[in-house]
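Dumped data_3.txt below, it's compact mmCIF, C-alpha atoms and all ligand atoms:
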# COMPACT_ATOMS: atom_id res chain seq x y z
CA MET R 1 107.47 -15.40 -42.80
CA PHE R 2 104.03 -13.89 -43.21
CA ILE R 3 102.41 -17.34 -43.24
CA LYS R 4 104.37 -18.26 -40.14
CA LEU R 5 103.24 -15.12 -38.34
CA ILE R 6 99.63 -15.81 -39.22
CA THR R 7 99.78 -19.39 -38.00
CA SER R 8 101.30 -18.38 -34.68
CA VAL R 9 99.18 -15.30 -34.06
CA VAL R 10 95.84 -16.69 -35.01
CA PRO R 11 95.74 -19.45 -32.33
CA VAL R 12 96.82 -16.92 -29.69
CA LEU R 13 94.15 -14.53 -30.84
CA PHE R 14 91.59 -17.31 -30.65
CA PHE R 15 92.78 -18.22 -27.18
CA PHE R 16 92.17 -14.67 -25.95
CA LEU R 17 88.86 -14.42 -27.68
CA GLN R 18 87.75 -17.64 -26.04
CA LEU R 19 88.96 -16.51 -22.66
CA GLN R 20 87.02 -13.30 -22.98
CA TYR R 21 84.01 -15.14 -24.29
CA ALA R 22 84.14 -17.62 -21.40
CA SER R 23 84.56 -14.97 -18.70
CA ALA R 24 81.76 -12.90 -20.17
CA LYS R 25 79.56 -15.96 -20.35
CA VAL R 26 79.52 -17.20 -16.76
CA ALA R 27 79.87 -15.23 -13.57
CA THR R 28 80.74 -17.15 -10.41
CA TYR R 29 79.83 -15.99 -6.92
CA ASN R 30 81.50 -17.85 -4.08
CA VAL R 31 79.51 -17.40 -0.85
CA LEU R 32 82.78 -17.15 1.12
CA SER R 33 83.47 -13.88 -0.71
CA TYR R 34 80.31 -12.38 0.79
CA GLY R 35 80.91 -13.31 4.39
CA ALA R 36 79.66 -16.89 4.68
CA LYS R 37 81.40 -18.89 7.41
CA ALA R 38 82.06 -22.57 6.85
CA ASN R 39 82.22 -23.40 10.58
CA GLY R 40 78.52 -24.15 11.11
CA ARG R 41 78.28 -21.64 13.97
CA LEU R 42 78.02 -18.17 12.43
CA GLU R 43 74.95 -17.13 10.47
CA SER R 44 75.60 -17.27 6.71
CA LYS R 45 72.14 -16.38 5.43
CA ASN R 46 73.00 -12.84 4.37
CA ALA R 47 76.05 -14.01 2.45
CA PHE R 48 73.89 -16.48 0.52
CA LEU R 49 71.38 -13.72 -0.20
CA LYS R 50 74.13 -11.39 -1.41
CA ALA R 51 75.45 -14.06 -3.77
CA TRP R 52 71.91 -14.70 -4.98
CA ASN R 53 71.19 -11.01 -5.62
CA LEU R 54 74.42 -10.62 -7.58
CA ALA R 55 73.69 -13.77 -9.57
CA CYS R 56 70.21 -12.43 -10.31
CA ALA R 57 71.56 -9.07 -11.42
CA SER R 58 74.03 -10.68 -13.79
CA THR R 59 72.79 -10.59 -17.35
CA ASN R 60 74.82 -13.73 -18.08
CA PRO R 61 74.32 -17.19 -16.66
CA ALA R 62 75.64 -17.26 -13.12
CA ILE R 63 77.08 -19.82 -10.73
CA ILE R 64 76.78 -19.56 -6.98
CA TYR R 65 79.43 -21.70 -5.37
CA VAL R 66 79.25 -23.14 -1.86
CA PRO R 67 82.58 -24.79 -0.92
CA THR R 68 82.87 -27.69 1.54
CA GLY R 69 82.06 -26.92 5.16
CA ARG R 70 78.94 -26.33 7.24
CA TYR R 71 76.95 -23.12 6.81
CA LEU R 72 74.43 -22.08 9.42
CA ILE R 73 71.22 -20.73 7.92
CA ALA R 74 69.64 -19.70 11.20
CA SER R 75 66.20 -18.61 9.98
CA ALA R 76 63.93 -19.01 6.97
CA VAL R 77 65.35 -17.59 3.75
CA THR R 78 63.70 -16.77 0.41
CA PHE R 79 65.57 -16.60 -2.87
CA ALA R 80 63.24 -14.55 -5.01
CA GLY R 81 63.11 -14.33 -8.75
CA ALA R 82 60.70 -12.01 -10.51
CA TYR R 83 59.15 -9.92 -7.80
CA LEU R 84 57.64 -6.56 -8.61
CA PHE R 85 60.79 -4.63 -7.73
CA ASN R 86 63.27 -7.46 -7.85
CA THR R 87 63.55 -8.91 -11.29
CA CYS R 88 66.10 -11.63 -11.83
CA LYS R 89 67.87 -10.70 -15.05
CA SER R 90 70.08 -13.78 -15.16
CA LYS R 91 69.35 -16.26 -17.91
CA ALA R 92 70.17 -19.16 -15.63
CA ILE R 93 71.52 -19.65 -12.13
CA THR R 94 73.37 -22.76 -11.02
CA ILE R 95 74.00 -23.29 -7.35
CA ASN R 96 76.92 -25.70 -6.96
CA ILE R 97 77.11 -26.95 -3.40
CA ASP R 98 79.98 -28.96 -1.97
CA GLY R 99 79.06 -28.16 1.63
CA THR R 100 76.15 -28.55 4.04
CA LEU R 101 73.52 -25.96 4.92
CA VAL R 102 72.49 -26.52 8.50
CA ALA R 103 69.53 -25.24 10.54
CA PRO R 104 69.85 -24.36 14.24
CA SER R 105 69.38 -27.27 16.62
CA SER R 106 66.67 -25.34 18.46
CA TYR R 107 63.47 -26.05 16.51
CA ASN R 108 61.80 -22.66 17.09
CA ALA R 109 64.29 -20.92 14.80
CA ILE R 110 62.58 -22.26 11.68
CA GLY R 111 59.67 -24.25 13.12
CA ASN R 112 57.02 -21.59 12.56
CA ALA R 113 58.13 -20.76 9.02
CA GLU R 114 56.41 -22.55 6.20
CA VAL R 115 59.71 -23.26 4.51
CA TRP R 116 63.33 -23.10 5.64
CA ILE R 117 64.95 -22.59 2.20
CA LYS R 118 62.50 -21.16 -0.28
CA PHE R 119 62.72 -20.28 -3.96
CA HIS R 120 59.92 -18.08 -5.22
CA ARG R 121 59.12 -17.27 -8.85
CA VAL R 122 62.44 -18.37 -10.26
CA ASN R 123 63.23 -19.60 -13.77
CA ARG R 124 66.11 -21.84 -14.93
CA VAL R 125 67.62 -22.57 -11.54
CA THR R 126 69.79 -25.63 -10.98
CA ILE R 127 70.75 -26.84 -7.53
CA SER R 128 73.60 -29.29 -7.75
CA GLY R 129 75.16 -31.37 -4.98
CA GLY R 130 75.28 -30.50 -1.30
CA THR R 131 73.40 -31.40 1.83
CA LEU R 132 70.54 -29.68 3.64
CA ASP R 133 70.43 -30.64 7.29
CA ALA R 134 67.34 -29.27 9.04
CA GLN R 135 68.09 -31.03 12.36
CA GLY R 136 64.45 -32.04 12.79
CA ALA R 137 64.88 -34.49 15.68
CA PRO R 138 64.12 -32.09 18.57
CA LEU R 139 60.85 -31.04 16.87
CA TRP R 140 59.76 -34.67 16.34
CA ALA R 141 60.49 -35.30 20.03
CA CYS R 142 58.34 -32.28 20.93
CA LYS R 143 55.52 -33.59 18.73
CA SER R 144 55.51 -36.92 20.49
CA SER R 145 55.36 -35.24 23.91
CA VAL R 146 52.45 -33.36 25.51
CA LYS R 147 54.02 -29.98 24.77
CA THR R 148 52.61 -27.62 22.13
CA CYS R 149 55.05 -27.47 19.26
CA PRO R 150 55.38 -25.51 16.05
CA LYS R 151 54.17 -27.24 12.89
CA GLY R 152 57.66 -27.38 11.46
CA ALA R 153 59.20 -26.11 8.23
CA THR R 154 59.56 -27.78 4.88
CA THR R 155 63.31 -27.97 4.20
CA LEU R 156 63.38 -26.91 0.53
CA GLY R 157 60.29 -25.33 -1.05
CA ILE R 158 60.12 -24.17 -4.65
CA TYR R 159 57.05 -22.09 -5.49
CA HIS R 160 55.63 -20.77 -8.78
CA SER R 161 58.81 -21.58 -10.66
CA GLN R 162 59.83 -23.18 -13.90
CA ASN R 163 62.73 -25.05 -15.52
CA ILE R 164 64.18 -26.29 -12.27
CA VAL R 165 66.87 -28.96 -11.92
CA ILE R 166 67.80 -30.56 -8.62
CA ASN R 167 70.82 -32.78 -8.95
CA ARG R 168 72.44 -35.10 -6.37
CA LEU R 169 71.06 -33.07 -3.45
CA ARG R 170 70.89 -34.72 -0.03
CA SER R 171 68.27 -33.75 2.54
CA LEU R 172 68.64 -34.90 6.13
CA ASN R 173 66.11 -34.90 8.95
CA SER R 174 63.60 -32.31 7.81
CA GLN R 175 61.14 -30.93 10.36
CA MET R 176 58.24 -31.47 7.91
CA PHE R 177 58.46 -32.24 4.19
CA HIS R 178 61.95 -32.53 2.75
CA ILE R 179 61.28 -31.10 -0.73
CA LEU R 180 58.11 -29.35 -1.90
CA LEU R 181 57.30 -28.22 -5.43
CA TYR R 182 54.29 -25.92 -5.49
CA ALA R 183 52.85 -24.64 -8.79
CA CYS R 184 56.00 -25.45 -10.73
CA ASN R 185 56.35 -26.23 -14.40
CA ASN R 186 59.11 -28.42 -15.83
CA ALA R 187 61.30 -29.67 -13.01
CA LYS R 188 63.79 -32.51 -12.94
CA LEU R 189 65.02 -34.07 -9.72
CA GLN R 190 67.72 -36.67 -10.09
CA GLY R 191 70.11 -38.54 -7.85
CA VAL R 192 68.36 -37.03 -4.86
CA SER R 193 68.95 -38.68 -1.50
CA ILE R 194 66.58 -38.18 1.41
CA VAL R 195 67.20 -39.49 4.88
CA ALA R 196 65.07 -39.37 8.05
CA PRO R 197 64.05 -42.08 10.53
CA GLY R 198 60.98 -44.25 9.85
CA LEU R 199 59.21 -42.78 12.86
CA SER R 200 59.74 -39.08 12.08
CA PRO R 201 56.27 -37.47 11.64
CA ASN R 202 55.18 -35.79 8.36
CA THR R 203 58.63 -35.93 6.83
CA ASP R 204 57.41 -36.65 3.27
CA GLY R 205 60.32 -37.01 0.88
CA ILE R 206 59.08 -35.12 -2.18
CA HIS R 207 55.69 -33.44 -2.06
CA LEU R 208 54.13 -32.08 -5.25
CA ILE R 209 51.20 -29.66 -5.49
CA SER R 210 49.69 -28.11 -8.63
CA SER R 211 52.78 -28.83 -10.70
CA THR R 212 53.23 -30.12 -14.20
CA GLY R 213 56.07 -31.80 -16.05
CA VAL R 214 57.96 -33.00 -12.98
CA THR R 215 60.46 -35.85 -13.38
CA VAL R 216 62.04 -37.70 -10.46
CA LEU R 217 64.88 -40.06 -11.43
CA ASN R 218 67.41 -42.32 -9.70
CA SER R 219 66.61 -41.25 -6.17
CA LYS R 220 66.66 -42.90 -2.78
CA ILE R 221 64.18 -41.87 -0.13
CA ALA R 222 64.19 -43.14 3.44
CA THR R 223 61.78 -41.22 5.65
CA GLY R 224 58.89 -41.26 8.12
CA ASP R 225 55.99 -40.41 5.82
CA ASP R 226 55.28 -40.67 2.08
CA CYS R 227 58.30 -41.29 -0.12
CA ILE R 228 56.72 -39.13 -2.82
CA SER R 229 53.27 -37.59 -2.34
CA ILE R 230 51.28 -36.21 -5.20
CA GLY R 231 48.68 -33.68 -4.10
CA PRO R 232 45.88 -31.98 -6.05
CA GLY R 233 46.46 -30.33 -9.42
CA ASN R 234 49.49 -32.30 -10.61
CA SER R 235 49.86 -33.57 -14.16
CA ASN R 236 52.46 -35.07 -16.50
CA LEU R 237 54.65 -36.58 -13.80
CA TRP R 238 57.35 -39.14 -14.48
CA ILE R 239 58.89 -41.05 -11.58
CA GLU R 240 61.53 -43.66 -12.42
CA LYS R 241 64.15 -45.69 -10.55
CA VAL R 242 63.23 -44.57 -7.08
CA VAL R 243 63.95 -46.67 -4.00
CA CYS R 244 61.65 -46.05 -1.02
CA GLY R 245 61.88 -47.27 2.55
CA PRO R 246 61.32 -46.83 5.34
CA GLY R 247 58.22 -44.68 4.86
CA HIS R 248 54.66 -44.76 3.60
CA GLY R 249 55.32 -45.40 -0.11
CA ILE R 250 54.45 -43.39 -3.21
CA SER R 251 51.03 -41.80 -2.82
CA ILE R 252 48.64 -39.94 -5.02
CA GLY R 253 46.80 -37.90 -2.44
CA SER R 254 45.49 -37.28 -0.11
CA LEU R 255 42.86 -35.76 -2.37
CA GLY R 256 39.32 -34.57 -1.96
CA TRP R 257 39.64 -32.36 1.09
CA ASP R 258 38.24 -29.38 -0.80
CA LEU R 259 34.96 -29.25 -2.66
CA GLN R 260 36.58 -27.44 -5.60
CA GLU R 261 39.82 -29.24 -6.27
CA PRO R 262 41.97 -29.67 -9.39
CA GLY R 263 42.56 -33.29 -10.38
CA VAL R 264 45.65 -35.43 -10.88
CA GLN R 265 46.37 -36.87 -14.32
CA ASN R 266 48.98 -38.52 -16.49
CA VAL R 267 51.29 -39.95 -13.85
CA THR R 268 53.87 -42.67 -14.62
CA VAL R 269 55.68 -44.43 -11.81
CA LYS R 270 58.12 -47.07 -13.04
CA SER R 271 61.02 -49.22 -11.88
CA THR R 272 60.53 -48.48 -8.21
CA THR R 273 61.53 -50.55 -5.19
CA PHE R 274 59.77 -50.45 -1.83
CA ILE R 275 61.55 -51.91 1.16
CA GLY R 276 59.57 -52.47 4.36
CA THR R 277 57.25 -49.57 3.66
CA GLN R 278 53.68 -49.13 4.94
CA ASN R 279 52.38 -48.87 1.36
CA GLY R 280 53.78 -49.47 -2.07
CA VAL R 281 51.73 -47.57 -4.64
CA ARG R 282 48.75 -45.85 -3.08
CA ILE R 283 45.88 -43.56 -4.03
CA LYS R 284 44.16 -41.95 -1.05
CA THR R 285 41.12 -39.72 -0.92
CA TRP R 286 39.16 -38.28 1.96
CA ALA R 287 35.54 -39.33 2.36
CA ARG R 288 34.29 -35.83 1.56
CA ARG R 289 32.42 -34.10 -1.24
CA SER R 290 34.84 -32.93 -3.90
CA ASN R 291 35.04 -32.55 -7.64
CA GLY R 292 38.65 -33.77 -7.67
CA PHE R 293 39.76 -36.74 -9.77
CA VAL R 294 42.61 -39.10 -10.57
CA LYS R 295 43.01 -40.44 -14.08
CA ASN R 296 45.54 -41.97 -16.45
CA VAL R 297 48.04 -43.39 -14.01
CA VAL R 298 50.57 -46.16 -14.70
CA PHE R 299 52.43 -48.06 -11.98
CA GLN R 300 54.91 -50.30 -13.75
CA HIS R 301 57.80 -52.62 -12.80
CA SER R 302 57.68 -52.30 -9.03
CA THR R 303 59.48 -54.55 -6.59
CA MET R 304 57.88 -54.93 -3.17
CA VAL R 305 59.95 -56.23 -0.27
CA ASN R 306 57.85 -56.95 2.79
CA VAL R 307 55.42 -54.08 2.16
CA GLN R 308 52.22 -53.85 4.24
CA ASN R 309 49.93 -52.66 1.41
CA PRO R 310 51.77 -53.14 -1.90
CA ILE R 311 48.80 -51.93 -3.99
CA ILE R 312 46.08 -49.84 -2.37
CA ILE R 313 43.30 -47.44 -3.26
CA ASP R 314 41.89 -45.97 -0.08
CA ALA R 315 38.85 -43.79 -0.71
CA ASN R 316 38.13 -43.60 3.00
CA TYR R 317 41.44 -42.14 3.97
CA CYS R 318 41.57 -40.98 7.56
CA PRO R 319 44.92 -41.38 9.28
CA ASN R 320 44.75 -42.39 12.96
CA ASN R 321 40.94 -42.62 12.54
CA ALA R 322 40.56 -39.29 14.29
CA ASN R 323 37.82 -36.77 13.36
CA CYS R 324 37.01 -38.65 10.17
CA PRO R 325 34.72 -36.78 7.77
CA ASN R 326 32.42 -39.80 7.24
CA HIS R 327 30.91 -38.64 3.99
CA VAL R 328 31.36 -40.60 0.80
CA SER R 329 34.38 -39.76 -1.32
CA ARG R 330 33.39 -38.08 -4.56
CA VAL R 331 36.86 -38.08 -6.09
CA LYS R 332 36.61 -40.01 -9.35
CA ILE R 333 39.43 -42.53 -9.83
CA SER R 334 39.77 -44.00 -13.32
CA ASN R 335 42.23 -45.60 -15.73
CA VAL R 336 44.88 -46.84 -13.34
CA VAL R 337 47.24 -49.57 -14.57
CA TYR R 338 49.34 -51.80 -12.32
CA GLU R 339 51.79 -53.74 -14.44
CA ASP R 340 54.58 -56.09 -13.36
CA VAL R 341 54.26 -55.39 -9.66
CA HIS R 342 55.99 -58.23 -7.85
CA GLY R 343 57.50 -59.28 -4.54
CA THR R 344 56.33 -59.84 -1.01
CA SER R 345 53.52 -58.42 1.08
CA ALA R 346 53.78 -58.15 4.85
CA THR R 347 50.02 -58.71 5.14
CA ARG R 348 47.73 -61.29 3.54
CA VAL R 349 45.72 -58.73 1.56
CA ALA R 350 48.34 -57.40 -0.85
CA VAL R 351 45.91 -55.65 -3.18
CA LYS R 352 43.19 -53.49 -1.67
CA PHE R 353 40.72 -51.46 -3.71
CA ASP R 354 38.53 -49.66 -1.20
CA CYS R 355 36.50 -47.34 -3.41
CA THR R 356 33.13 -45.78 -2.64
CA LYS R 357 29.59 -46.06 -3.82
CA GLY R 358 29.40 -42.34 -4.64
CA LYS R 359 32.06 -42.57 -7.35
CA PRO R 360 33.18 -46.17 -7.96
CA CYS R 361 36.71 -46.68 -9.30
CA SER R 362 36.74 -47.62 -12.98
CA GLY R 363 39.19 -48.78 -15.59
CA ILE R 364 41.46 -50.40 -13.01
CA ARG R 365 43.84 -52.91 -14.63
CA LEU R 366 46.10 -55.48 -12.98
CA LYS R 367 48.59 -56.97 -15.40
CA ASP R 368 51.34 -59.49 -14.61
CA VAL R 369 51.09 -58.85 -10.90
CA ASN R 370 52.89 -61.41 -8.76
CA LEU R 371 52.64 -60.81 -5.03
CA LYS R 372 53.15 -63.33 -2.25
CA TYR R 373 52.43 -63.28 1.45
CA GLY R 374 55.46 -65.08 2.80
CA SER R 375 55.50 -68.32 0.86
CA GLN R 376 51.69 -68.30 0.58
CA PRO R 377 49.55 -66.72 -2.08
CA ALA R 378 48.43 -63.20 -1.21
CA ALA R 379 44.79 -62.09 -1.30
CA SER R 380 42.99 -59.07 -2.71
CA SER R 381 39.88 -57.17 -1.68
CA CYS R 382 37.56 -55.06 -3.82
CA SER R 383 34.73 -52.69 -3.11
CA TYR R 384 33.02 -50.52 -5.72
CA VAL R 385 35.71 -51.13 -8.32
CA ALA R 386 35.46 -52.11 -11.97
CA GLY R 387 38.37 -53.35 -14.03
CA VAL R 388 40.22 -56.31 -15.47
CA ALA R 389 43.07 -58.57 -14.39
CA SER R 390 45.43 -60.65 -16.50
CA GLY R 391 48.62 -62.65 -16.07
CA LEU R 392 48.37 -62.74 -12.28
CA ARG R 393 50.52 -65.07 -10.20
CA GLY R 394 50.88 -65.65 -6.50
CA PHE R 395 47.40 -64.42 -5.64
CA THR R 396 43.82 -64.37 -6.82
CA SER R 397 42.17 -61.20 -7.98
CA CYS R 398 38.81 -59.90 -6.81
CA LEU R 399 38.44 -57.82 -9.96
C1 LIG L 1 52.13 -37.26 -20.07
O1 LIG L 1 53.30 -36.89 -19.36
C2 LIG L 1 54.50 -37.07 -20.06
C3 LIG L 1 55.63 -36.66 -19.15
O2 LIG L 1 55.63 -37.43 -18.01
C4 LIG L 1 54.51 -36.27 -21.33
O3 LIG L 1 55.70 -36.53 -22.05
C5 LIG L 1 53.30 -36.60 -22.15
O4 LIG L 1 53.25 -35.77 -23.27
C6 LIG L 1 52.02 -36.43 -21.33
N1 LIG L 1 50.87 -36.88 -22.09
C7 LIG L 1 49.82 -36.11 -22.27
C8 LIG L 1 48.69 -36.72 -23.05
O5 LIG L 1 49.74 -34.98 -21.85
Rewrite the coordinates I just gave you, this time as structure tokens.
Amino acid sequence: MFIKLITSVVPVLFFFLQLQYASAKVATYNVLSYGAKANGRLESKNAFLKAWNLACASTNPAIIYVPTGRYLIASAVTFAGAYLFNTCKSKAITINIDGTLVAPSSYNAIGNAEVWIKFHRVNRVTISGGTLDAQGAPLWACKSSVKTCPKGATTLGIYHSQNIVINRLRSLNSQMFHILLYACNNAKLQGVSIVAPGLSPNTDGIHLISSTGVTVLNSKIATGDDCISIGPGNSNLWIEKVVCGPGHGISIGSLGWDLQEPGVQNVTVKSTTFIGTQNGVRIKTWARRSNGFVKNVVFQHSTMVNVQNPIIIDANYCPNNANCPNHVSRVKISNVVYEDVHGTSATRVAVKFDCTKGKPCSGIRLKDVNLKYGSQPAASSCSYVAGVASGLRGFTSCL
């Protein structure tokens, strides 16, 4: 009898203990409970902020849940972590999104803000699923007219933050950059999908500045500017299994605008595919005086499909050739490996190393590169570059 009682009570006791443990462990905040409207017409910003503040105040890990539906976020919003008077206590916040956050169709609502959806000084934040629709088209139309237009907002900007995960997020039609990481440490973006037309201006897919330990995996980026752009001060980046196109390819740069500028180092870009893009893998620096640098970069296993400049270093970068600085680039570019880059170039010169006399490129290595121009061999051009080539097919190297 006693044994029987024990065996039946103990599992029940455990069940309740677990239940209590589980409910104490994770707090969930559904934005609908705080007044969000899933109809896409009524402003939901304050409801999202309420959910965020509660999640922050929770001493346990918290989940913010956004059910299916469209949620209007009608002006720029900042989700702040450790501010002076607003300290996020939560150990971790996960934002699970099934729905779409949508910006107003009138571009002025967010067009003068730097960022539409901003995270500032947060730690251990995961954004999972969902769509961000910035409705950028009217602003692009304005920019191609004679009217004066706002600069446009970055859709999702994460500043001074660490331990960030962005999972299966979709960004549509940003006004400016889709996703920006600024001064972040340890971030992982995976299964991200970015969509904007090939002719949308400045709609870089993922833009990185002064960040370290950023990984981008299994993502698909179709946009009007760089697929991924790597600005000054980035290090320890890992980019793998990314498909780009349309757009301007994966770029390190532009660098060298400022005289005092932190460099870019330890960047690996592997197993990427470029479809009909302007560039494949590019390094671009302004022809200005700068102490910036690029070193220890590996571009590996890339497939090029009809790409205008599959491999390019452009040390005289000046888009549209307007107001070019016309100095000599002083950004030092060294130790860059291109390995197993293959496919087709849309122009005859598939490999272009346009470095400068001031700081020639050095330690440039082409290995097992096989690029064709149609059915013909492709060509390469070199200026002020030192390096070695091996195992080349489909074209002759100027190195
Ligand atoms: C280079 O970056 C990778 C992450 O992409 C990191 O694991 C590695 O330790 C870094 N190497 C150095 C020398 O910092």
Using only C-alpha atoms and all ligand atoms, determine which residues fall within 7 Å of ligand LIG 1 (chain L), then list them as a JSON list (two decimals) with C-alpha atoms, in the coordinates of the input.
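As written to disk, selection.json reads:
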[["chain", "number", "residue", "atom", "x", "y", "z"],
["R", 213, "GLY", "CA", 56.07, -31.80, -16.05],
["R", 215, "THR", "CA", 60.46, -35.85, -13.38],
["R", 236, "ASN", "CA", 52.46, -35.07, -16.50],
["R", 237, "LEU", "CA", 54.65, -36.58, -13.80],
["R", 238, "TRP", "CA", 57.35, -39.14, -14.48],
["R", 266, "ASN", "CA", 48.98, -38.52, -16.49],
["R", 267, "VAL", "CA", 51.29, -39.95, -13.85],
["R", 268, "THR", "CA", 53.87, -42.67, -14.62]]
Separation of atom CA of R:Asn296 from atom CA of R:Asn335, in Å and rounded to one decimal: 5.0 Å
query: Can you tell me, as a VMD selection string, what residues are no more than 9 Å from R:Cys324 when counting only C-alpha atoms, ignoring any on the same chain fewer than 6 positions away?
result: chain R and resid 286 to 287 316 to 318
Quick one: write out the picked residues with C-alpha atoms as a compact mmCIF listing (two decimals), in the coordinates of the input?
# COMPACT_ATOMS: atom_id res chain seq x y z
CA TRP R 286 39.16 -38.28 1.96
CA ALA R 287 35.54 -39.33 2.36
CA ASN R 316 38.13 -43.60 3.00
CA TYR R 317 41.44 -42.14 3.97
CA CYS R 318 41.57 -40.98 7.56
field: Test item: residues at most 8 Å from R:Leu255, all atoms listed in the file, excluding those fewer than 6 positions along its chain, as a list in words
entry: Gly231, Pro232, Lys284, Thr285, Trp286, Gly292 and Val331 of chain R
Restrict the calculation to only C-alpha atoms, then for each residue of stretch 145-247 of chain R with any atom at most 12 Å from an atom of stretch 79-100 of chain R give the closest atom pair and their distance in Å to one decimal, rows by chain and rising residue number, as JSON lines.
{"residue": "R:Leu156", "atom": "CA", "partner": "R:Phe79", "partner_atom": "CA", "distance": 11.1}
{"residue": "R:Gly157", "atom": "CA", "partner": "R:Phe79", "partner_atom": "CA", "distance": 10.4}
{"residue": "R:Ile158", "atom": "CA", "partner": "R:Phe79", "partner_atom": "CA", "distance": 9.5}
{"residue": "R:Tyr159", "atom": "CA", "partner": "R:Ala80", "partner_atom": "CA", "distance": 9.8}
{"residue": "R:His160", "atom": "CA", "partner": "R:Gly81", "partner_atom": "CA", "distance": 9.9}
{"residue": "R:Ser161", "atom": "CA", "partner": "R:Gly81", "partner_atom": "CA", "distance": 8.6}
{"residue": "R:Gln162", "atom": "CA", "partner": "R:Gly81", "partner_atom": "CA", "distance": 10.8}
{"residue": "R:Asn163", "atom": "CA", "partner": "R:Ala92", "partner_atom": "CA", "distance": 9.5}
{"residue": "R:Ile164", "atom": "CA", "partner": "R:Ile93", "partner_atom": "CA", "distance": 9.9}
{"residue": "R:Val165", "atom": "CA", "partner": "R:Thr94", "partner_atom": "CA", "distance": 9.0}
{"residue": "R:Ile166", "atom": "CA", "partner": "R:Ile95", "partner_atom": "CA", "distance": 9.6}
{"residue": "R:Asn167", "atom": "CA", "partner": "R:Asn96", "partner_atom": "CA", "distance": 9.6}
{"residue": "R:Arg168", "atom": "CA", "partner": "R:Ile97", "partner_atom": "CA", "distance": 9.9}
{"residue": "R:Leu169", "atom": "CA", "partner": "R:Ile97", "partner_atom": "CA", "distance": 8.6}
{"residue": "R:Arg170", "atom": "CA", "partner": "R:Thr100", "partner_atom": "CA", "distance": 9.1}
{"residue": "R:Ser171", "atom": "CA", "partner": "R:Thr100", "partner_atom": "CA", "distance": 9.6}
{"residue": "R:Leu172", "atom": "CA", "partner": "R:Thr100", "partner_atom": "CA", "distance": 10.1}
